[in-house]
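Scroll down for the structure; my scribbles are underneath it.
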Amino acid sequence: MEQDYRPHDIETKWQKKWNESRIFEPEPDSREKFFITIPYPYLNGNLHAGHTRTFTIGDVVARHKRMLGKNVLYPMGFHVTGTPIVGLAELIASRDPQTMDVYERLHGIPGDILPTLDTPEKIVDYFKVESEKAMRMIGYSIDWRRKFTTTDPTYKKFIEWQYIRLEEKGLIVKGSHPVKWCPNDNNPVEDHDILHGEEATIVEFTLIKFRYKDLVLPCATLRPETTYGVTNLWVNPKVDYVKARVEKDGKVEFWVVSKEAFRKLTFTDREVEYVEDVPAKDIIGIMLTNPVTGDEVISLPASFVKPGNGSGIVMSVPAHAPFDYLALRDLYDADLSEYGITEDLSEIKLISLIKVPEFGEFPAKEIVETMGIASQADPKAEEATKIVYRREFHGGVLKEITGKYTGYPVSKIKDILTRDFIAENVGETFYEFSEPVVCRCGTPCVVNMVKGQWFLNYSNPEWKEKVYKCLNQMRIIPAEYRVEFENKVDWLKDKACARRKGLGTRLPFDKEWLIESLGDSTIYMCYYIVAKFIQKGDLTIDQLTLSFFDYVLFGKGDAAAVAEETGVTPALLEEIRSDFTYWYPVDLRSSGKDLVPNHLLFFLFHHVALFDEDKWPGSLAVNGFVSLEGQKMSKSKGPILTLESAVSEYGADITRMYILSTAEQTQDADWQKTGIDSARRQVDRFYAFARDVIESGKRATIGTELKQIDRWMLSRMQNYIRETNVALDSIQTREAIQNSFFLLINDVRWYQRRGGEALLYYVLDTWVRLMAPFTPHLCEEIWEAMGHEDPISLAQYPLYNDDLIDEGAELAEELVKGTLDDVEEIIRVTKMTPQKVHLYTAPAWKTEAINCACTIQAEGSLDVGTLIKALMANPEMKRFGKEIPKFVQKLVPEFKSGGAERYETFAGLGLDEEALLKESSAFLEKEIDCPIEIYSADSPAYDPEKKSRFAEPLRPAIYIEAKKEE
RNA sequence: GCGAGGGUUGCCCAGCCAGGCCAAAGGCGUCGGACUUAAGAUCCGAUAUCGAAGGAUUUCGUGGGUUCGAAUCCCACCCCUCGCACCA
């Protein structure tokens, strides 16, 4: 080995060897397989630190499983479908200054190349080469024979096949969906087009159609169940209302809404025509029919009604809505004769429809009274509304007045009621922003229903049921994410799956549309199996027919007929099919946590829709993001750190080690210069240790006679081996590196300090294999220098060996270390310079007391009384009668509070403390730098300060004589 | 608002599910020492507070509670991060 650690030389050497020996290009064999996939990167830039983390995690898992004897397949492809690459090409073509700067400086694209990347195709061609280069230079054990790009014509054939099969199953449907829309640009607005209201979301309201003669006065609500408690409507006398002809699905109605609401309606999936203005007075004081209950309710004037919210007409539920209650109460004494209202409004009875534990019959009235809210203007009214709403939503159930819905929890009722109300034509859905949205052009945006859109029917209950079933059978890593996945499955609605713009595959049954890019990346893991044959030239594009994919991926159809139809030889067809059945399903899909609510969900949905249960994925893992010195990364605006630049600067192994050890699993990692600099030193230390051990030429193994410190080293190492394996199995790379590196290196240091050297070679042999998944190049280099001929990448991963556990050796070292620490502490506190240190090991009677305590403990009845009694029964112990109670009173609580184990080991092995300390006295003398004398407290030859009486088992008494000041 | 995660000793962070040698692992930083002509690297030690004998005291977002015993269990509250879609 070289004197100095030169990462790049070592890494280039081993990458070349791996590539030439093809050890990461697996073929089916008799071993158990492990198929791991990471979502392929989207190529609108170079791979960055976030990719580095996710892909390195995948590589470590792949390498670990491979060393455990599995046949591991870790493939990779490139995702390019969708709009961002098109957008990037436009920005480069127009020489957008920020884009040019970020891509040249941060993505590291040479200044003479960047301007040439002015079409999507050129961008894809450039980045797929760069990305593969980057992944090779960090040493991923990827089978590159299977790479592909999502615009490959062959991949498109695969996507077409998939969508045809989904459509046949009725999982792709046509419909409308709401989008944020700018009426001026006549276009959907995306987040970066928005001037104000980026935070706004589209909220689904239910319009309840109250009727007056032949007119409909719709009221928008988020809580359709409250329709059962409506006592009146609110109309603002100062607002302009219009009558409109509204046609939907061939059905014509005449609606009265505010002018603003009319405008919003024109963008919905309704035909809307203006008929005439309606003075507010005309619709105040009228009696309307509640379409749900059939009750007659009156419309009343209210200034709080905002014309821009909902329809500009509000339904009033004073039993449950504090504002409604307050507004109604305010009118009790008002003179409303100008609206022709002469009724005594205090006669209006509140209608209760929700039972909630915290409140009585009328929660709104109750809270207004207990909080002492005077009027609608009182700010506490807002708070009261929130409280009532929350309590009712979470804990409320519907009362008998709601008929067949009685007993339903409020939190579950909205979707059911909306569906039923629409079916009965008493309600409709209506979308509105949670806050106003303004386009960059200055125009207020609206919610527009895009018609004739293609959807993946994710809301389909049977489909969801299958996904739940799949999730139930899967391992989710970490386990806390299971509930997150389940929530998201529940929440997922139909998803638009086709767009007009971008790169991608045309929808086979409606060629005007392109398949949306999240929808074309759901089951592509199976395409890796086919891709190998395509890359090799065994398959032509014409051969990729529907029946070809049916046969190879589903096992459907007749092999001979498929061979006949496609011209693929039966032997090849069988080979592809058997490759598929060998590798599939995916054993582990590991990804950044940003993909949980989208890609990973769709991955599950499409697998369960298309494949039989035995091909459903086995496990899912998620990891956190990476920030740079506390700042979020952004591909397009920076900052960004590319994989290539990290590896160029620090080397592959150091980068891998750092990114995996800096944060655990779902926690976000922060890339800091001080952190990676320290990782560099750690790896360097490992290299230096290995070099010294190899150069020393000592090769003893565990076959030779072992000293206590050797047995200690072996025993400690077993624990780290076990913990590392457990951690890697649950993808806790930080924990794994903590055990396999940091804790182990500290013990090796202690081993050497204690004079251990016989087993250094053996330790290194195990250690280097333990570290190989994390720092594979360096480990290959050391492994080779140790004389091994086969690559460490294929060597056996260390496994926990119970036979090498030596509790006695561990306890003995604990005694030595503890004694040393105590002596040092005394010296520090007293600030003395020691002349001589005297150690007294525990007297035999105390050891006997411990033995006795262990016996009683085993019987399960240890307490102070029984132990004293048992000891006093022994005539030998009688003469210590005065000291026994005091010692026992201290000892028993220690047993109770977790200290039992070490005493049991001590008692069980019958450790001889005096002999142990004498063996270590040379070491202790060297450390403390003064002579040491060891006695038994039973008969100390020298004990001027009577310290020996403090001696306890595993805790020798100490007396230090200070050097006299000259 | 809804959902998820988090608040630990100078910093990053482990511990919490299975309460007890937990003043709390590991790393970083800082300070002191060894080595060196020197620097770096490496090694040793310290790093809540107090302490001239290995000890004592106060800590784990805040306030309560359960328990012989709480960073860990229960309740309430405060604060932070992320997601809420048709976009990869």
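Chain labels run A, B, ... following the order of the structure tokens; each chain numbers its residues from 1, and ligands are numbered from 1 in the order shown.
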**OP:** Skip segment 28-40 of chain B itself and residues of its chain fewer than 6 positions away, then list as a list in words all residues within 8 Å of it, counting only C-alpha atoms (C1' of nucleotides).
**Re:**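 In the requested format, the answer is Thr674, Gly675 and Ser678 of chain A; G10, C11, C12, A46 and U47 of chain B.
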Let me see the file: selected residues, C-alpha atoms (C1' of nucleotides), as a PDB file, in the first residue's frame.
ATOM      1  CA  THR A 674     -16.460  20.982   8.614  1.00  0.00           C
ATOM      2  CA  GLY A 675     -18.360  17.706   8.517  1.00  0.00           C
ATOM      3  CA  SER A 678     -13.773  15.463   9.451  1.00  0.00           C
TER       4      SER A 678
ATOM      5  C1'   G B  10     -21.524  25.001  22.912  1.00  0.00           C
ATOM      6  C1'   C B  11     -23.139  22.782  17.906  1.00  0.00           C
ATOM      7  C1'   C B  12     -24.859  18.193  15.008  1.00  0.00           C
ATOM      8  C1'   A B  46     -11.255  17.983  30.154  1.00  0.00           C
ATOM      9  C1'   U B  47     -15.713  20.270  28.326  1.00  0.00           C
TER      10        U B  47
END
**OP:** From a DSSP pass on the backbone, collect the residues of segment 61-201 of chain A flagged as alpha helix (DSSP H) and hand them back as a VMD selection string.
**Re:** chain A and resid 61 to 67 84 to 93 97 to 101 120 to 137 153 to 168
Mind writing the picked residues with C-alpha atoms as a short mmCIF file (atom, residue, chain, number, x, y, z; two decimals), in the first residue's frame?
data_model
loop_
_atom_site.label_atom_id
_atom_site.label_comp_id
_atom_site.auth_asym_id
_atom_site.auth_seq_id
_atom_site.Cartn_x
_atom_site.Cartn_y
_atom_site.Cartn_z
CA VAL A 61 -28.05 -1.91 0.85
CA ALA A 62 -27.19 -3.63 -2.43
CA ARG A 63 -23.60 -4.23 -1.35
CA HIS A 64 -24.63 -5.44 2.09
CA LYS A 65 -27.11 -7.95 0.68
CA ARG A 66 -24.59 -9.08 -1.91
CA MET A 67 -21.98 -9.77 0.79
CA PRO A 84 -39.27 20.88 -17.00
CA ILE A 85 -36.68 19.79 -19.57
CA VAL A 86 -38.67 21.56 -22.27
CA GLY A 87 -38.77 24.65 -20.07
CA LEU A 88 -35.05 24.45 -19.44
CA ALA A 89 -34.32 24.19 -23.16
CA GLU A 90 -36.34 27.37 -23.73
CA LEU A 91 -34.49 29.20 -20.97
CA ILE A 92 -31.13 28.15 -22.38
CA ALA A 93 -32.17 29.03 -25.92
CA PRO A 97 -29.12 35.01 -17.20
CA GLN A 98 -30.00 33.20 -13.97
CA THR A 99 -30.28 29.84 -15.72
CA MET A 100 -27.01 30.32 -17.57
CA ASP A 101 -25.26 31.27 -14.36
CA PRO A 120 -34.89 19.01 -24.97
CA GLU A 121 -33.19 16.21 -26.90
CA LYS A 122 -29.73 17.74 -26.53
CA ILE A 123 -30.31 18.26 -22.82
CA VAL A 124 -31.30 14.64 -22.36
CA ASP A 125 -28.33 13.38 -24.36
CA TYR A 126 -25.95 15.51 -22.35
CA PHE A 127 -27.24 14.77 -18.87
CA LYS A 128 -27.68 11.06 -19.31
CA VAL A 129 -24.00 10.73 -20.17
CA GLU A 130 -22.97 12.99 -17.30
CA SER A 131 -25.22 11.24 -14.81
CA GLU A 132 -23.94 7.80 -15.64
CA LYS A 133 -20.38 9.07 -15.41
CA ALA A 134 -21.14 10.54 -11.98
CA MET A 135 -22.75 7.36 -10.70
CA ARG A 136 -19.78 5.35 -11.91
CA MET A 137 -17.26 7.65 -10.27
CA PRO A 153 -39.14 4.30 -28.58
CA THR A 154 -39.01 0.87 -26.96
CA TYR A 155 -39.94 2.32 -23.57
CA LYS A 156 -42.86 4.10 -25.21
CA LYS A 157 -44.10 0.75 -26.50
CA PHE A 158 -44.01 -0.52 -22.94
CA ILE A 159 -45.95 2.50 -21.67
CA GLU A 160 -48.55 2.18 -24.43
CA TRP A 161 -49.07 -1.45 -23.50
CA GLN A 162 -49.49 -0.50 -19.85
CA TYR A 163 -52.08 2.21 -20.56
CA ILE A 164 -54.06 0.02 -22.89
CA ARG A 165 -54.27 -2.63 -20.21
CA LEU A 166 -55.24 -0.08 -17.54
CA GLU A 167 -57.93 1.38 -19.76
CA GLU A 168 -59.34 -2.09 -20.40
#
Find the residues of chain B that sit at most 8 Å from chain A; for each, write down the nearest two atoms and how far apart they are in Å, to one decimal. Count only C-alpha atoms (C1' of nucleotides). Sort by chain, then by number going up, and give it as a Markdown table.
| residue | atom | partner | partner_atom | distance |
| --- | --- | --- | --- | --- |
| B:G3 | C1' | A:Asn487 | CA | 7.5 |
| B:A4 | C1' | A:Glu484 | CA | 6.4 |
| B:G20 | C1' | A:Ser897 | CA | 4.4 |
| B:C21 | C1' | A:Gly899 | CA | 6.0 |
| B:G26 | C1' | A:Gln738 | CA | 6.7 |
| B:C28 | C1' | A:Gly675 | CA | 7.2 |
| B:G51 | C1' | A:Val829 | CA | 7.2 |
| B:A52 | C1' | A:Thr830 | CA | 4.3 |
| B:A53 | C1' | A:Ile826 | CA | 5.4 |
| B:G54 | C1' | A:Asp822 | CA | 4.7 |
| B:G83 | C1' | A:Pro597 | CA | 7.7 |
| B:C86 | C1' | A:Ala496 | CA | 5.5 |
| B:A88 | C1' | A:Tyr42 | CA | 7.4 |
Write the residues of the preceding selection, restricted to N, CA and C atoms (P, O5', C5', C4', C3', O3' and C1' of nucleotides), as a PDB file, in the first residue's frame.
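And here's result37.pdb as it stands now:
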ATOM      1  P     G B   3     -55.710  15.807  11.581  1.00  0.00           P
ATOM      2  O5'   G B   3     -54.535  15.178  10.713  1.00  0.00           O
ATOM      3  C5'   G B   3     -54.811  14.123   9.806  1.00  0.00           C
ATOM      4  C4'   G B   3     -53.593  13.830   8.987  1.00  0.00           C
ATOM      5  C3'   G B   3     -52.301  13.627   9.766  1.00  0.00           C
ATOM      6  O3'   G B   3     -52.213  12.343  10.340  1.00  0.00           O
ATOM      7  C1'   G B   3     -51.881  15.053   7.954  1.00  0.00           C
ATOM      8  P     A B   4     -51.349  12.164  11.690  1.00  0.00           P
ATOM      9  O5'   A B   4     -49.854  12.270  11.139  1.00  0.00           O
ATOM     10  C5'   A B   4     -49.330  11.250  10.300  1.00  0.00           C
ATOM     11  C4'   A B   4     -47.958  11.644   9.824  1.00  0.00           C
ATOM     12  C3'   A B   4     -46.919  11.888  10.915  1.00  0.00           C
ATOM     13  O3'   A B   4     -46.379  10.694  11.423  1.00  0.00           O
ATOM     14  C1'   A B   4     -46.799  13.624   9.323  1.00  0.00           C
ATOM     15  P     G B  20     -34.886   2.868  31.616  1.00  0.00           P
ATOM     16  O5'   G B  20     -34.517   2.899  33.164  1.00  0.00           O
ATOM     17  C5'   G B  20     -34.324   4.147  33.823  1.00  0.00           C
ATOM     18  C4'   G B  20     -33.698   3.903  35.172  1.00  0.00           C
ATOM     19  C3'   G B  20     -32.434   3.047  35.108  1.00  0.00           C
ATOM     20  O3'   G B  20     -31.398   3.788  35.714  1.00  0.00           O
ATOM     21  C1'   G B  20     -33.960   2.224  36.739  1.00  0.00           C
ATOM     22  P     C B  21     -30.143   4.441  35.110  1.00  0.00           P
ATOM     23  O5'   C B  21     -29.308   3.305  34.373  1.00  0.00           O
ATOM     24  C5'   C B  21     -28.691   2.258  35.061  1.00  0.00           C
ATOM     25  C4'   C B  21     -27.435   2.796  35.741  1.00  0.00           C
ATOM     26  C3'   C B  21     -26.186   2.888  34.873  1.00  0.00           C
ATOM     27  O3'   C B  21     -26.335   4.013  34.044  1.00  0.00           O
ATOM     28  C1'   C B  21     -25.680   2.496  37.183  1.00  0.00           C
ATOM     29  P     G B  26     -18.731   8.404  23.801  1.00  0.00           P
ATOM     30  O5'   G B  26     -18.987   8.522  22.235  1.00  0.00           O
ATOM     31  C5'   G B  26     -18.731   7.415  21.374  1.00  0.00           C
ATOM     32  C4'   G B  26     -19.113   7.793  19.973  1.00  0.00           C
ATOM     33  C3'   G B  26     -18.504   9.096  19.469  1.00  0.00           C
ATOM     34  O3'   G B  26     -17.171   8.919  19.033  1.00  0.00           O
ATOM     35  C1'   G B  26     -20.803   9.096  18.993  1.00  0.00           C
ATOM     36  P     C B  28     -14.439  14.205  15.446  1.00  0.00           P
ATOM     37  O5'   C B  28     -15.131  15.622  15.298  1.00  0.00           O
ATOM     38  C5'   C B  28     -15.507  16.104  14.009  1.00  0.00           C
ATOM     39  C4'   C B  28     -16.266  17.399  14.139  1.00  0.00           C
ATOM     40  C3'   C B  28     -15.535  18.522  14.861  1.00  0.00           C
ATOM     41  O3'   C B  28     -14.593  19.168  14.030  1.00  0.00           O
ATOM     42  C1'   C B  28     -17.767  18.398  15.645  1.00  0.00           C
ATOM     43  P     G B  51     -15.664  25.011  43.692  1.00  0.00           P
ATOM     44  O5'   G B  51     -15.514  23.534  44.246  1.00  0.00           O
ATOM     45  C5'   G B  51     -15.804  23.255  45.615  1.00  0.00           C
ATOM     46  C4'   G B  51     -15.588  21.796  45.904  1.00  0.00           C
ATOM     47  C3'   G B  51     -14.176  21.275  45.636  1.00  0.00           C
ATOM     48  O3'   G B  51     -13.311  21.609  46.708  1.00  0.00           O
ATOM     49  C1'   G B  51     -15.787  19.714  44.860  1.00  0.00           C
ATOM     50  P     A B  52     -11.854  22.133  46.378  1.00  0.00           P
ATOM     51  O5'   A B  52     -10.927  20.910  46.811  1.00  0.00           O
ATOM     52  C5'   A B  52     -10.926  19.717  46.050  1.00  0.00           C
ATOM     53  C4'   A B  52     -10.020  18.716  46.724  1.00  0.00           C
ATOM     54  C3'   A B  52     -10.439  18.356  48.136  1.00  0.00           C
ATOM     55  O3'   A B  52     -10.214  16.965  48.328  1.00  0.00           O
ATOM     56  C1'   A B  52      -8.250  19.259  48.138  1.00  0.00           C
ATOM     57  P     A B  53     -11.283  16.031  49.020  1.00  0.00           P
ATOM     58  O5'   A B  53     -11.111  14.695  48.158  1.00  0.00           O
ATOM     59  C5'   A B  53     -11.814  14.525  46.922  1.00  0.00           C
ATOM     60  C4'   A B  53     -12.020  13.041  46.716  1.00  0.00           C
ATOM     61  C3'   A B  53     -12.784  12.366  47.849  1.00  0.00           C
ATOM     62  O3'   A B  53     -13.647  11.381  47.308  1.00  0.00           O
ATOM     63  C1'   A B  53     -10.651  11.399  47.620  1.00  0.00           C
ATOM     64  P     G B  54     -15.184  11.709  47.001  1.00  0.00           P
ATOM     65  O5'   G B  54     -15.438  10.911  45.656  1.00  0.00           O
ATOM     66  C5'   G B  54     -15.040  11.468  44.409  1.00  0.00           C
ATOM     67  C4'   G B  54     -14.724  10.387  43.414  1.00  0.00           C
ATOM     68  C3'   G B  54     -15.667   9.187  43.441  1.00  0.00           C
ATOM     69  O3'   G B  54     -16.787   9.441  42.621  1.00  0.00           O
ATOM     70  C1'   G B  54     -13.414   8.450  43.440  1.00  0.00           C
ATOM     71  P     G B  83     -42.868  21.136   1.341  1.00  0.00           P
ATOM     72  O5'   G B  83     -44.059  20.087   1.280  1.00  0.00           O
ATOM     73  C5'   G B  83     -43.855  18.815   0.685  1.00  0.00           C
ATOM     74  C4'   G B  83     -45.106  17.984   0.841  1.00  0.00           C
ATOM     75  C3'   G B  83     -46.389  18.646   0.356  1.00  0.00           C
ATOM     76  O3'   G B  83     -46.542  18.506  -1.041  1.00  0.00           O
ATOM     77  C1'   G B  83     -46.750  17.725   2.490  1.00  0.00           C
ATOM     78  P     C B  86     -52.244  21.197  -9.050  1.00  0.00           P
ATOM     79  O5'   C B  86     -51.908  20.582 -10.461  1.00  0.00           O
ATOM     80  C5'   C B  86     -50.581  20.178 -10.798  1.00  0.00           C
ATOM     81  C4'   C B  86     -50.662  18.871 -11.565  1.00  0.00           C
ATOM     82  C3'   C B  86     -51.560  18.934 -12.795  1.00  0.00           C
ATOM     83  O3'   C B  86     -50.779  19.056 -13.985  1.00  0.00           O
ATOM     84  C1'   C B  86     -52.120  17.071 -11.385  1.00  0.00           C
ATOM     85  P     A B  88     -44.595  17.224 -15.105  1.00  0.00           P
ATOM     86  O5'   A B  88     -43.046  16.841 -15.111  1.00  0.00           O
ATOM     87  C5'   A B  88     -42.596  15.721 -14.360  1.00  0.00           C
ATOM     88  C4'   A B  88     -41.435  16.178 -13.509  1.00  0.00           C
ATOM     89  C3'   A B  88     -40.635  15.024 -12.936  1.00  0.00           C
ATOM     90  O3'   A B  88     -39.578  14.697 -13.819  1.00  0.00           O
ATOM     91  C1'   A B  88     -41.307  16.485 -11.199  1.00  0.00           C
TER      92        A B  88
END
Subject >> Best match for closeness to Tyr582 of chain A among A:Leu917, A:Lys817, A:Val72, A:Ser21, counting only C-alpha atoms >> reply: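 Smallest distance to Tyr582 of chain A is found for A:Val72.
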**OP:** Record the distance separating atom CA of Gly395 of chain A and atom CA of Ser411 of chain A, expressed in Å with one decimal.
**Re:** 8.2 Å
**OP:** Find the residues near segment 59-62 of chain B: any atom within 8 Å, counting only C-alpha atoms (C1' of nucleotides), skip ones fewer than 5 places away on the same chain, and give them as a list in words.
**Re:**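 Non-adjacent residues within range: G7, U8, U9, A23, A48, A71, C77, C78 and C79 of chain B.
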**OP:** Report the residues of segment 315-541 of chain A whose backbone DSSP state falls under strand (DSSP E or B), written as number ranges by chain.
**Re:** A: 315-316, 354-355, 397-398, 409, 427-433, 438-439, 444, 446-456, 475-477, 495-496, 498-499, 503, 506, 514-515
**OP:** Determine, counting only C-alpha atoms (C1' of nucleotides), which protein, DNA and RNA residues have an atom within 9 Å of an atom of segment 412-421 of chain A; residues of the same chain fewer than 2 positions away are not included. Present the result as a PyMOL selection string.
**Re:** chain A and resi 206+208+222-225+292+393+398+405+408-410+423-429
Can you write out the residues you just picked, keeping C-alpha atoms, as a PDB file, in the first residue's frame?
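What follows is the written file again-v7.pdb:
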ATOM      1  CA  THR A 206     -71.060  22.057  -1.608  1.00  0.00           C
ATOM      2  CA  ILE A 208     -77.098  23.663  -1.415  1.00  0.00           C
ATOM      3  CA  LEU A 222     -67.944  23.263   3.658  1.00  0.00           C
ATOM      4  CA  ARG A 223     -70.277  21.344   5.952  1.00  0.00           C
ATOM      5  CA  PRO A 224     -73.218  20.002   3.961  1.00  0.00           C
ATOM      6  CA  GLU A 225     -74.587  18.163   7.019  1.00  0.00           C
ATOM      7  CA  VAL A 292     -83.046  18.573   2.031  1.00  0.00           C
ATOM      8  CA  PHE A 393     -65.627  17.744  13.452  1.00  0.00           C
ATOM      9  CA  LEU A 398     -75.137  13.257  13.596  1.00  0.00           C
ATOM     10  CA  TYR A 405     -77.230   9.517   8.430  1.00  0.00           C
ATOM     11  CA  TYR A 408     -72.316   9.051  11.450  1.00  0.00           C
ATOM     12  CA  PRO A 409     -69.206  10.874  12.706  1.00  0.00           C
ATOM     13  CA  VAL A 410     -69.078  14.414  11.337  1.00  0.00           C
ATOM     14  CA  ALA A 423     -77.614  12.449  -6.940  1.00  0.00           C
ATOM     15  CA  GLU A 424     -80.796  13.978  -5.539  1.00  0.00           C
ATOM     16  CA  ASN A 425     -80.141  17.318  -7.252  1.00  0.00           C
ATOM     17  CA  VAL A 426     -80.297  19.204  -3.981  1.00  0.00           C
ATOM     18  CA  GLY A 427     -76.617  20.076  -4.149  1.00  0.00           C
ATOM     19  CA  GLU A 428     -73.635  20.504  -6.443  1.00  0.00           C
ATOM     20  CA  THR A 429     -69.915  20.860  -5.901  1.00  0.00           C
TER      21      THR A 429
END
Subject >> Within 12 Å of Tyr584 of chain A using only C-alpha atoms (C1' of nucleotides), minus same-chain residues under 2 positions, as a PyMOL selection string >> reply: chain A and resi 28+32-37+72-73+523-530+552-554+576-582+586-588+607+611-618
